[in-house]
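Shown below: work-v6.cif, with mmCIF, C-alpha atoms.
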```cif
data_structure
#
loop_
_atom_site.label_atom_id
_atom_site.label_comp_id
_atom_site.auth_asym_id
_atom_site.auth_seq_id
_atom_site.Cartn_x
_atom_site.Cartn_y
_atom_site.Cartn_z
CA MET A 1 16.41 -35.63 -8.22
CA THR A 2 19.81 -33.99 -8.64
CA ASN A 3 22.93 -35.61 -7.20
CA GLU A 4 22.95 -33.12 -4.30
CA GLU A 5 19.33 -33.82 -3.37
CA LEU A 6 19.96 -37.51 -3.70
CA LYS A 7 23.01 -37.23 -1.45
CA LEU A 8 20.98 -35.54 1.32
CA LYS A 9 18.22 -38.10 1.01
CA ILE A 10 20.65 -41.01 1.26
CA GLU A 11 22.44 -39.49 4.24
CA GLU A 12 19.10 -39.62 6.03
CA LEU A 13 18.91 -43.36 5.41
CA LEU A 14 22.59 -44.08 5.98
CA PRO A 15 24.20 -41.55 8.32
CA GLY A 16 27.91 -41.02 7.62
CA ALA A 17 27.73 -42.51 4.14
CA ALA A 18 31.05 -42.34 2.25
CA PHE A 19 30.52 -40.68 -1.13
CA GLU A 20 33.07 -40.47 -3.90
CA GLU A 21 34.01 -37.08 -5.35
CA GLY A 22 34.03 -36.09 -8.99
CA THR A 23 31.83 -38.81 -10.42
CA GLU A 24 29.10 -38.35 -12.97
CA TRP A 25 26.67 -40.43 -10.95
CA LEU A 26 26.44 -40.22 -7.20
CA THR A 27 28.73 -42.97 -5.93
CA LEU A 28 28.57 -44.50 -2.51
CA ASN A 29 31.05 -46.83 -0.80
CA MET A 30 29.91 -49.15 1.93
CA ASP A 31 30.63 -52.43 3.71
CA ALA A 32 28.74 -55.63 3.10
CA GLU A 33 27.25 -55.43 6.56
CA GLY A 34 23.90 -53.65 6.45
CA PHE A 35 23.84 -53.56 2.67
CA LYS A 36 20.74 -55.70 2.22
CA PRO A 37 18.33 -53.60 4.34
CA PHE A 38 19.79 -50.46 2.75
CA ALA A 39 19.18 -51.87 -0.74
CA GLN A 40 15.63 -52.73 0.26
CA GLN A 41 15.12 -49.12 1.35
CA LEU A 42 16.51 -47.80 -1.93
CA ARG A 43 13.91 -49.87 -3.73
CA ASN A 44 10.95 -49.19 -1.44
CA ASN A 45 11.47 -45.55 -0.43
CA GLU A 46 8.99 -43.59 -2.52
CA ALA A 47 11.23 -40.56 -2.89
CA LEU A 48 14.08 -42.74 -4.20
CA ASN A 49 12.20 -45.50 -6.03
CA PHE A 50 15.25 -47.26 -7.49
CA ASP A 51 13.30 -49.83 -9.50
CA TYR A 52 15.96 -50.82 -12.00
CA LEU A 53 19.37 -52.43 -11.37
CA PHE A 54 21.00 -51.91 -14.74
CA CYS A 55 24.43 -53.28 -13.97
CA LEU A 56 26.07 -55.46 -11.36
CA THR A 57 29.80 -56.06 -11.58
CA ALA A 58 32.66 -57.12 -9.36
CA VAL A 59 36.18 -55.69 -9.09
CA ASP A 60 39.28 -57.41 -7.73
CA TRP A 61 41.40 -54.81 -5.90
CA LYS A 62 43.87 -57.51 -4.73
CA THR A 63 43.39 -56.33 -1.12
CA HIS A 64 39.64 -56.84 -1.30
CA PHE A 65 36.78 -57.26 -3.74
CA SER A 66 34.06 -54.76 -4.42
CA VAL A 67 30.72 -55.38 -6.01
CA VAL A 68 29.32 -52.42 -7.94
CA TYR A 69 25.58 -51.89 -8.22
CA HIS A 70 24.27 -49.38 -10.76
CA LEU A 71 20.76 -48.39 -9.83
CA THR A 72 18.35 -46.11 -11.58
CA SER A 73 14.76 -45.05 -11.22
CA THR A 74 12.69 -45.31 -14.36
CA ALA A 75 10.06 -42.97 -12.88
CA ILE A 76 12.23 -40.24 -11.29
CA ARG A 77 15.23 -40.74 -13.60
CA HIS A 78 18.06 -40.48 -11.13
CA THR A 79 20.99 -42.85 -10.84
CA LEU A 80 23.06 -44.14 -7.96
CA VAL A 81 26.17 -46.29 -7.87
CA VAL A 82 26.78 -48.38 -4.76
CA LYS A 83 30.15 -50.05 -4.26
CA VAL A 84 30.08 -52.75 -1.63
CA LYS A 85 33.31 -54.03 -0.15
CA ALA A 86 33.82 -57.77 0.20
CA ASP A 87 36.46 -59.78 2.01
CA LYS A 88 39.54 -60.98 0.08
CA ASN A 89 39.52 -64.56 1.32
CA ASP A 90 35.81 -65.18 1.68
CA PRO A 91 33.93 -62.66 -0.47
CA ALA A 92 30.30 -62.97 0.52
CA ILE A 93 27.47 -60.50 0.07
CA GLU A 94 23.77 -60.95 0.58
CA THR A 95 21.84 -61.43 -2.63
CA VAL A 96 19.60 -58.68 -3.97
CA CYS A 97 17.81 -60.87 -6.51
CA ASP A 98 14.65 -60.78 -4.39
CA ILE A 99 14.70 -56.98 -4.72
CA TRP A 100 15.77 -56.71 -8.37
CA ARG A 101 15.08 -59.92 -10.24
CA THR A 102 17.75 -59.14 -12.85
CA ALA A 103 20.41 -59.63 -10.19
CA GLU A 104 19.81 -63.37 -10.37
CA PHE A 105 21.84 -63.73 -13.59
CA HIS A 106 24.22 -60.88 -12.81
CA GLU A 107 25.14 -62.48 -9.51
CA ARG A 108 25.67 -65.82 -11.19
CA GLU A 109 28.05 -64.13 -13.60
CA ALA A 110 29.95 -62.43 -10.77
CA TYR A 111 30.15 -65.77 -9.00
CA ASP A 112 31.27 -67.60 -12.13
CA LEU A 113 34.13 -65.28 -13.08
CA MET A 114 35.08 -63.58 -9.83
CA GLY A 115 33.99 -66.05 -7.16
CA ILE A 116 31.81 -63.73 -5.12
CA SER A 117 29.32 -65.83 -3.20
CA PHE A 118 25.93 -64.23 -2.86
CA THR A 119 24.25 -65.60 0.23
CA GLY A 120 20.58 -66.42 -0.18
CA HIS A 121 20.78 -66.69 -3.98
CA PRO A 122 18.31 -69.39 -5.12
CA ASP A 123 20.52 -70.94 -7.82
CA LEU A 124 24.14 -69.87 -7.47
CA ARG A 125 26.05 -71.93 -10.04
CA ARG A 126 28.28 -71.20 -12.98
CA LEU A 127 26.75 -69.30 -15.88
CA PHE A 128 29.29 -69.16 -18.73
CA LEU A 129 31.96 -71.69 -17.82
CA GLU A 130 31.61 -75.44 -17.58
CA ASP A 131 30.21 -76.69 -14.29
CA ASP A 132 33.47 -78.46 -13.44
CA HIS A 133 35.70 -75.47 -14.11
CA VAL A 134 38.29 -74.92 -11.38
CA GLY A 135 39.02 -71.38 -10.21
CA PHE A 136 37.60 -67.97 -10.98
CA PRO A 137 39.33 -66.62 -14.09
CA LEU A 138 38.81 -62.87 -13.70
CA ARG A 139 40.56 -62.79 -10.34
CA LYS A 140 43.95 -61.10 -10.47
CA ASP A 141 45.70 -64.11 -8.98
CA TYR A 142 44.13 -66.63 -11.39
CA GLU A 143 46.62 -68.80 -13.21
CA ASP A 144 46.08 -71.44 -15.87
CA PRO A 145 49.52 -72.71 -16.95
CA ILE A 146 48.06 -75.11 -19.52
CA ASN A 147 46.03 -72.59 -21.49
CA MET A 148 47.60 -69.25 -20.71
CA ILE A 149 51.11 -67.91 -21.21
CA LYS A 150 52.18 -65.67 -18.37
CA LEU A 151 53.04 -62.25 -19.77
CA MET B 1 19.73 -83.53 -77.03
CA ASP B 2 22.57 -82.58 -79.29
CA ILE B 3 25.90 -82.92 -77.52
CA LYS B 4 28.81 -81.94 -79.68
CA THR B 5 31.53 -81.90 -77.07
CA THR B 6 31.96 -83.22 -73.56
CA PRO B 7 31.67 -80.48 -70.89
CA THR B 8 35.14 -79.74 -69.57
CA ASN B 9 34.17 -80.26 -65.95
CA PHE B 10 32.63 -83.68 -66.52
CA PRO B 11 34.85 -86.58 -65.45
CA GLY B 12 34.78 -88.80 -68.52
CA THR B 13 34.14 -88.67 -72.22
CA ILE B 14 31.04 -88.91 -74.36
CA HIS B 15 31.31 -90.87 -77.58
CA GLU B 16 28.77 -89.98 -80.15
CA VAL B 17 26.94 -92.80 -81.85
CA PRO B 18 24.00 -92.53 -84.20
CA GLY B 19 20.91 -91.72 -82.17
CA GLY B 20 22.70 -90.61 -78.98
CA GLY B 21 25.95 -91.09 -77.17
CA ILE B 22 27.87 -93.42 -74.85
CA VAL B 23 29.30 -92.04 -71.63
CA LEU B 24 32.63 -93.50 -70.59
CA SER B 25 33.65 -92.75 -67.01
CA LYS B 26 34.45 -94.25 -63.65
CA LEU B 27 31.49 -94.51 -61.29
CA ASP B 28 33.58 -93.13 -58.43
CA ASP B 29 34.48 -90.09 -60.49
CA VAL B 30 30.87 -89.42 -61.37
CA ILE B 31 29.82 -89.77 -57.74
CA ASN B 32 32.58 -87.43 -56.57
CA TRP B 33 31.68 -84.97 -59.32
CA ALA B 34 28.06 -85.00 -58.22
CA ARG B 35 28.95 -84.72 -54.53
CA SER B 36 31.31 -81.82 -55.06
CA ASN B 37 28.65 -79.82 -56.87
CA SER B 38 25.93 -80.11 -54.27
CA LEU B 39 27.55 -79.47 -50.91
CA TRP B 40 24.96 -78.33 -48.44
CA PRO B 41 26.49 -76.30 -45.63
CA LEU B 42 25.27 -76.38 -42.06
CA THR B 43 24.01 -73.06 -40.72
CA PHE B 44 26.67 -72.80 -38.06
CA ALA B 45 28.53 -69.70 -36.94
CA THR B 46 29.95 -68.82 -33.55
CA SER B 47 31.26 -65.30 -34.12
CA CYS B 48 32.12 -62.55 -36.58
CA CYS B 49 33.24 -64.92 -39.37
CA GLY B 50 29.58 -65.88 -39.53
CA ILE B 51 28.72 -62.39 -40.80
CA GLU B 52 31.23 -62.87 -43.59
CA MET B 53 29.79 -66.31 -44.33
CA MET B 54 26.31 -64.76 -44.58
CA SER B 55 27.59 -62.19 -47.05
CA VAL B 56 28.98 -65.03 -49.17
CA ALA B 57 25.50 -66.55 -49.13
CA GLY B 58 24.05 -63.20 -50.21
CA ALA B 59 23.52 -61.93 -53.72
CA LYS B 60 26.85 -60.16 -54.14
CA TYR B 61 29.14 -63.18 -53.69
CA ASP B 62 26.52 -65.91 -53.90
CA PHE B 63 28.03 -69.31 -53.18
CA SER B 64 25.01 -70.93 -54.77
CA ARG B 65 26.89 -70.51 -58.04
CA PHE B 66 29.05 -73.38 -56.86
CA GLY B 67 26.35 -75.58 -55.41
CA PHE B 68 26.36 -74.38 -51.78
CA GLU B 69 23.02 -72.60 -51.73
CA VAL B 70 20.98 -75.00 -49.62
CA ALA B 71 22.13 -74.03 -46.13
CA ARG B 72 20.63 -76.54 -43.74
CA ALA B 73 19.59 -75.82 -40.18
CA THR B 74 20.03 -79.45 -39.16
CA PRO B 75 23.30 -81.41 -39.29
CA ARG B 76 21.44 -84.48 -40.49
CA GLN B 77 20.90 -82.87 -43.89
CA ALA B 78 24.23 -81.08 -44.19
CA ASP B 79 27.34 -82.19 -46.06
CA VAL B 80 29.81 -79.54 -44.97
CA ILE B 81 30.24 -77.61 -41.75
CA ILE B 82 31.95 -74.23 -42.03
CA ILE B 83 33.35 -73.47 -38.60
CA ALA B 84 32.90 -69.71 -38.72
CA GLY B 85 34.21 -68.39 -35.43
CA THR B 86 35.75 -69.07 -32.06
CA ILE B 87 35.18 -72.44 -30.47
CA VAL B 88 35.16 -72.17 -26.70
CA ASN B 89 35.61 -75.12 -24.37
CA LYS B 90 31.91 -75.16 -23.63
CA MET B 91 31.07 -75.21 -27.35
CA ALA B 92 33.52 -78.01 -28.20
CA PRO B 93 31.23 -80.92 -27.20
CA VAL B 94 28.38 -79.28 -29.12
CA LEU B 95 30.54 -78.99 -32.23
CA LYS B 96 31.60 -82.63 -31.88
CA ARG B 97 27.99 -83.68 -31.54
CA LEU B 98 26.93 -81.70 -34.61
CA TYR B 99 29.74 -83.29 -36.60
CA ASP B 100 28.77 -86.75 -35.39
CA GLN B 101 25.17 -86.16 -36.42
CA MET B 102 26.12 -85.28 -39.99
CA ALA B 103 25.74 -88.11 -42.48
CA ASP B 104 28.82 -89.39 -44.33
CA PRO B 105 30.45 -88.16 -46.48
CA LYS B 106 31.01 -85.00 -44.48
CA TYR B 107 33.50 -82.20 -44.81
CA VAL B 108 34.82 -79.49 -42.53
CA VAL B 109 36.06 -76.02 -43.39
CA ALA B 110 37.85 -74.07 -40.64
CA MET B 111 37.17 -70.42 -41.39
CA GLY B 112 39.37 -67.72 -39.87
CA ALA B 113 42.11 -67.49 -37.29
CA CYS B 114 39.94 -68.60 -34.34
CA ALA B 115 38.87 -71.85 -36.00
CA ILE B 116 42.45 -72.54 -37.11
CA SER B 117 44.39 -71.78 -33.96
CA GLY B 118 42.24 -70.10 -31.32
CA GLY B 119 42.52 -66.68 -32.86
CA PRO B 120 44.57 -63.53 -32.64
CA PHE B 121 42.66 -62.09 -29.67
CA PHE B 122 41.44 -65.02 -27.67
CA TYR B 123 44.47 -67.29 -27.88
CA ASN B 124 45.81 -66.63 -24.42
CA THR B 125 42.70 -67.43 -22.46
CA TYR B 126 41.23 -70.06 -20.21
CA SER B 127 38.15 -70.63 -22.33
CA VAL B 128 39.11 -71.05 -25.99
CA VAL B 129 39.90 -74.23 -27.93
CA LYS B 130 43.19 -73.58 -29.71
CA GLY B 131 42.09 -74.75 -33.12
CA ALA B 132 38.90 -76.59 -34.08
CA ASP B 133 41.02 -79.50 -35.37
CA HIS B 134 41.51 -80.49 -31.73
CA VAL B 135 37.83 -81.46 -31.81
CA ILE B 136 36.99 -82.60 -35.35
CA PRO B 137 39.12 -83.25 -38.47
CA VAL B 138 39.38 -80.27 -40.81
CA ASP B 139 39.59 -80.47 -44.62
CA VAL B 140 40.27 -76.86 -45.61
CA TYR B 141 41.71 -74.00 -43.54
CA ILE B 142 41.07 -70.35 -44.45
CA PRO B 143 43.40 -67.79 -42.85
CA GLY B 144 42.15 -64.30 -42.09
CA CYS B 145 40.35 -62.36 -39.41
CA PRO B 146 37.81 -62.58 -40.79
CA PRO B 147 38.70 -63.94 -44.25
CA ARG B 148 37.45 -62.04 -47.27
CA PRO B 149 34.35 -63.53 -48.94
CA GLU B 150 36.56 -64.38 -51.91
CA ALA B 151 38.76 -66.41 -49.58
CA LEU B 152 35.76 -68.45 -48.46
CA LEU B 153 34.73 -69.01 -52.07
CA HIS B 154 38.28 -70.10 -52.85
CA ALA B 155 38.22 -72.49 -49.92
CA LEU B 156 34.92 -73.96 -51.04
CA MET B 157 36.32 -74.48 -54.52
CA ALA B 158 39.44 -76.04 -53.01
CA LEU B 159 37.15 -78.42 -51.12
CA GLN B 160 35.41 -79.29 -54.38
CA GLU B 161 38.77 -80.07 -56.00
CA LYS B 162 39.66 -82.20 -53.01
CA ILE B 163 36.45 -84.19 -53.34
CA LYS B 164 36.86 -84.57 -57.09
CA SER B 165 40.40 -85.88 -56.64
CA GLY B 166 38.90 -88.83 -54.75
CA HIS B 167 41.81 -88.90 -52.31
CA THR B 168 41.41 -89.47 -48.63
CA ARG B 169 42.65 -86.98 -46.07
CA GLU B 170 45.60 -89.25 -45.34
CA GLN B 171 46.52 -89.66 -49.01
CA ILE B 172 46.51 -85.91 -49.51
CA ARG B 173 48.59 -85.40 -46.40
CA GLU B 174 51.19 -87.90 -47.59
CA GLN B 175 50.87 -86.67 -51.18
CA LYS B 176 50.29 -90.24 -52.30
CA PRO B 177 48.03 -90.54 -55.34
CA LEU B 178 45.62 -93.44 -55.64
#
```
Take the structure I supplied and represent it as structure tokens, if you would.
Amino acid sequence: MTNEELKLKIEELLPGAAFEEGTEWLTLNMDAEGFKPFAQQLRNNEALNFDYLFCLTAVDWKTHFSVVYHLTSTAIRHTLVVKVKADKNDPAIETVCDIWRTAEFHEREAYDLMGISFTGHPDLRRLFLEDDHVGFPLRKDYEDPINMIKL
Amino acid sequence: MDIKTTPTNFPGTIHEVPGGGIVLSKLDDVINWARSNSLWPLTFATSCCGIEMMSVAGAKYDFSRFGFEVARATPRQADVIIIAGTIVNKMAPVLKRLYDQMADPKYVVAMGACAISGGPFFYNTYSVVKGADHVIPVDVYIPGCPPRPEALLHALMALQEKIKSGHTREQIREQKPL
């Protein structure tokens, strides 16, 4: 499916969806509310068939966080990027690891380094850092005066 | 066996007598000589320096010429650990444990900028140990990022000289001969 066809199809599922302009892959911005059922539709809708989550990352915009989902369909070969907004003080988004199993580790990584809590995740604990690490080091406001010189 | 002269690298002298020879040496010197020529390294690498270490093990540089060929995959059989790469905070207890499992006498070579000081790229981070000597004592440091294979060979030979000298780490540090 081309980006235009994909856009029309997604507008059916999510009326008034906010798309970004000038991106290689169709990019969609949305709030955390209603994301989970939408993600389930992306996976289950036969015309869309997004069966592969190939990247899950988090961005700290200082005013809020966003979690970026890169989805592709191995059968239809189209790609969609979904950016989900999360609250600054209590970033929480429903887990998608029951939809795409690979999200289990990706979400642990996003939790470990950025402190996004994925509700409903079966095993949300640190992945790379020690279990007793304090703070989330990839956040913009992270400070570690013992180990890091402030530039 | 017909020995005309004593090999230059042997610690001691051989006096010829009819029907053979008498070796005169100190037992400690002979032991150190033997130890320095069969140092088995632990197969241990945490980042790109490990690639360089592998090339030194390969045919082109070939550290087996100096007695390092038997790389061991278990610390219990290794004599020297070459810290080839960045040590992160999570790796530090593992490194300590590997070192503790090695049988005495054991030696440590810190290879490259990361093992010496935390490294040129990863120094200013929350996750990196700023020098492996915060975790275990180091005998020889090799600067570089990564060091040339020749530099590793030089370091291994420096370690051999250190062992042959018979001095402890403290004696070398204070430049006090035995």
Show me, as JSON lines, the residues of chain A having an atom within 8 Å of chain B, each with the closest atom pair and its distance in Å, using all atoms listed in the file.
```
{"residue": "A:Leu129", "atom": "CA", "partner": "B:Lys90", "partner_atom": "CA", "distance": 6.8}
{"residue": "A:Glu130", "atom": "CA", "partner": "B:Lys90", "partner_atom": "CA", "distance": 6.1}
{"residue": "A:Pro137", "atom": "CA", "partner": "B:Tyr126", "partner_atom": "CA", "distance": 7.3}
{"residue": "A:Asp144", "atom": "CA", "partner": "B:Tyr126", "partner_atom": "CA", "distance": 6.7}
{"residue": "A:Asn147", "atom": "CA", "partner": "B:Tyr126", "partner_atom": "CA", "distance": 5.6}
{"residue": "A:Met148", "atom": "CA", "partner": "B:Asn124", "partner_atom": "CA", "distance": 4.9}
{"residue": "A:Ile149", "atom": "CA", "partner": "B:Asn124", "partner_atom": "CA", "distance": 6.3}
```
Quiz item: Can you list, as a list of chain:residue names, every protein, DNA or RNA residue that comes within 7 Å of Pro91 in chain A when you count all atoms listed in the file, leaving out same-chain residues fewer than 2 positions away?
Solution: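 Close residues of Pro91 in chain A: A:Phe65, A:Ala86, A:Asp87, A:Lys88, A:Asn89, A:Ile93, A:Ile116, A:Ser117.
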Practice problem: Just the residues within 10 Å of Phe66 in chain B, please, counting all atoms listed in the file, with nothing from its chain fewer than 2 positions along; format it as a PyMOL selection string. | Solution: chain B and resi 36-39+62-64+68-69+153+156-157+160
Using only C-alpha atoms, please write the residues we just selected to a file, as a PDB file, in the coordinates of the input.
```pdb
ATOM      1  CA  SER B  36      31.310 -81.820 -55.060  1.00  0.00           C
ATOM      2  CA  ASN B  37      28.650 -79.820 -56.870  1.00  0.00           C
ATOM      3  CA  SER B  38      25.930 -80.110 -54.270  1.00  0.00           C
ATOM      4  CA  LEU B  39      27.550 -79.470 -50.910  1.00  0.00           C
ATOM      5  CA  ASP B  62      26.520 -65.910 -53.900  1.00  0.00           C
ATOM      6  CA  PHE B  63      28.030 -69.310 -53.180  1.00  0.00           C
ATOM      7  CA  SER B  64      25.010 -70.930 -54.770  1.00  0.00           C
ATOM      8  CA  PHE B  68      26.360 -74.380 -51.780  1.00  0.00           C
ATOM      9  CA  GLU B  69      23.020 -72.600 -51.730  1.00  0.00           C
ATOM     10  CA  LEU B 153      34.730 -69.010 -52.070  1.00  0.00           C
ATOM     11  CA  LEU B 156      34.920 -73.960 -51.040  1.00  0.00           C
ATOM     12  CA  MET B 157      36.320 -74.480 -54.520  1.00  0.00           C
ATOM     13  CA  GLN B 160      35.410 -79.290 -54.380  1.00  0.00           C
TER      14      GLN B 160
END
```
Quiz item: For this file, the PyMOL selection byres ((chain A and resi 24) around 12) selects which residues, as a list of chain:residue names?
Solution: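 The output of the PyMOL selection byres ((chain A and resi 24) around 12) on this file is A:Thr2, A:Asn3, A:Glu4, A:Glu20, A:Glu21, A:Gly22, A:Thr23, A:Trp25, A:Leu26, A:Thr27, A:His78, A:Thr79, A:Leu80, A:Val81.
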Exercise. Check which residues satisfy the PyMOL selection byres ((chain B and resi 136) around 12) in the file shown, then give them as a PyMOL selection string.
Key: chain B and resi 81-83+87+92-100+106-110+115-116+129+131-135+137-139
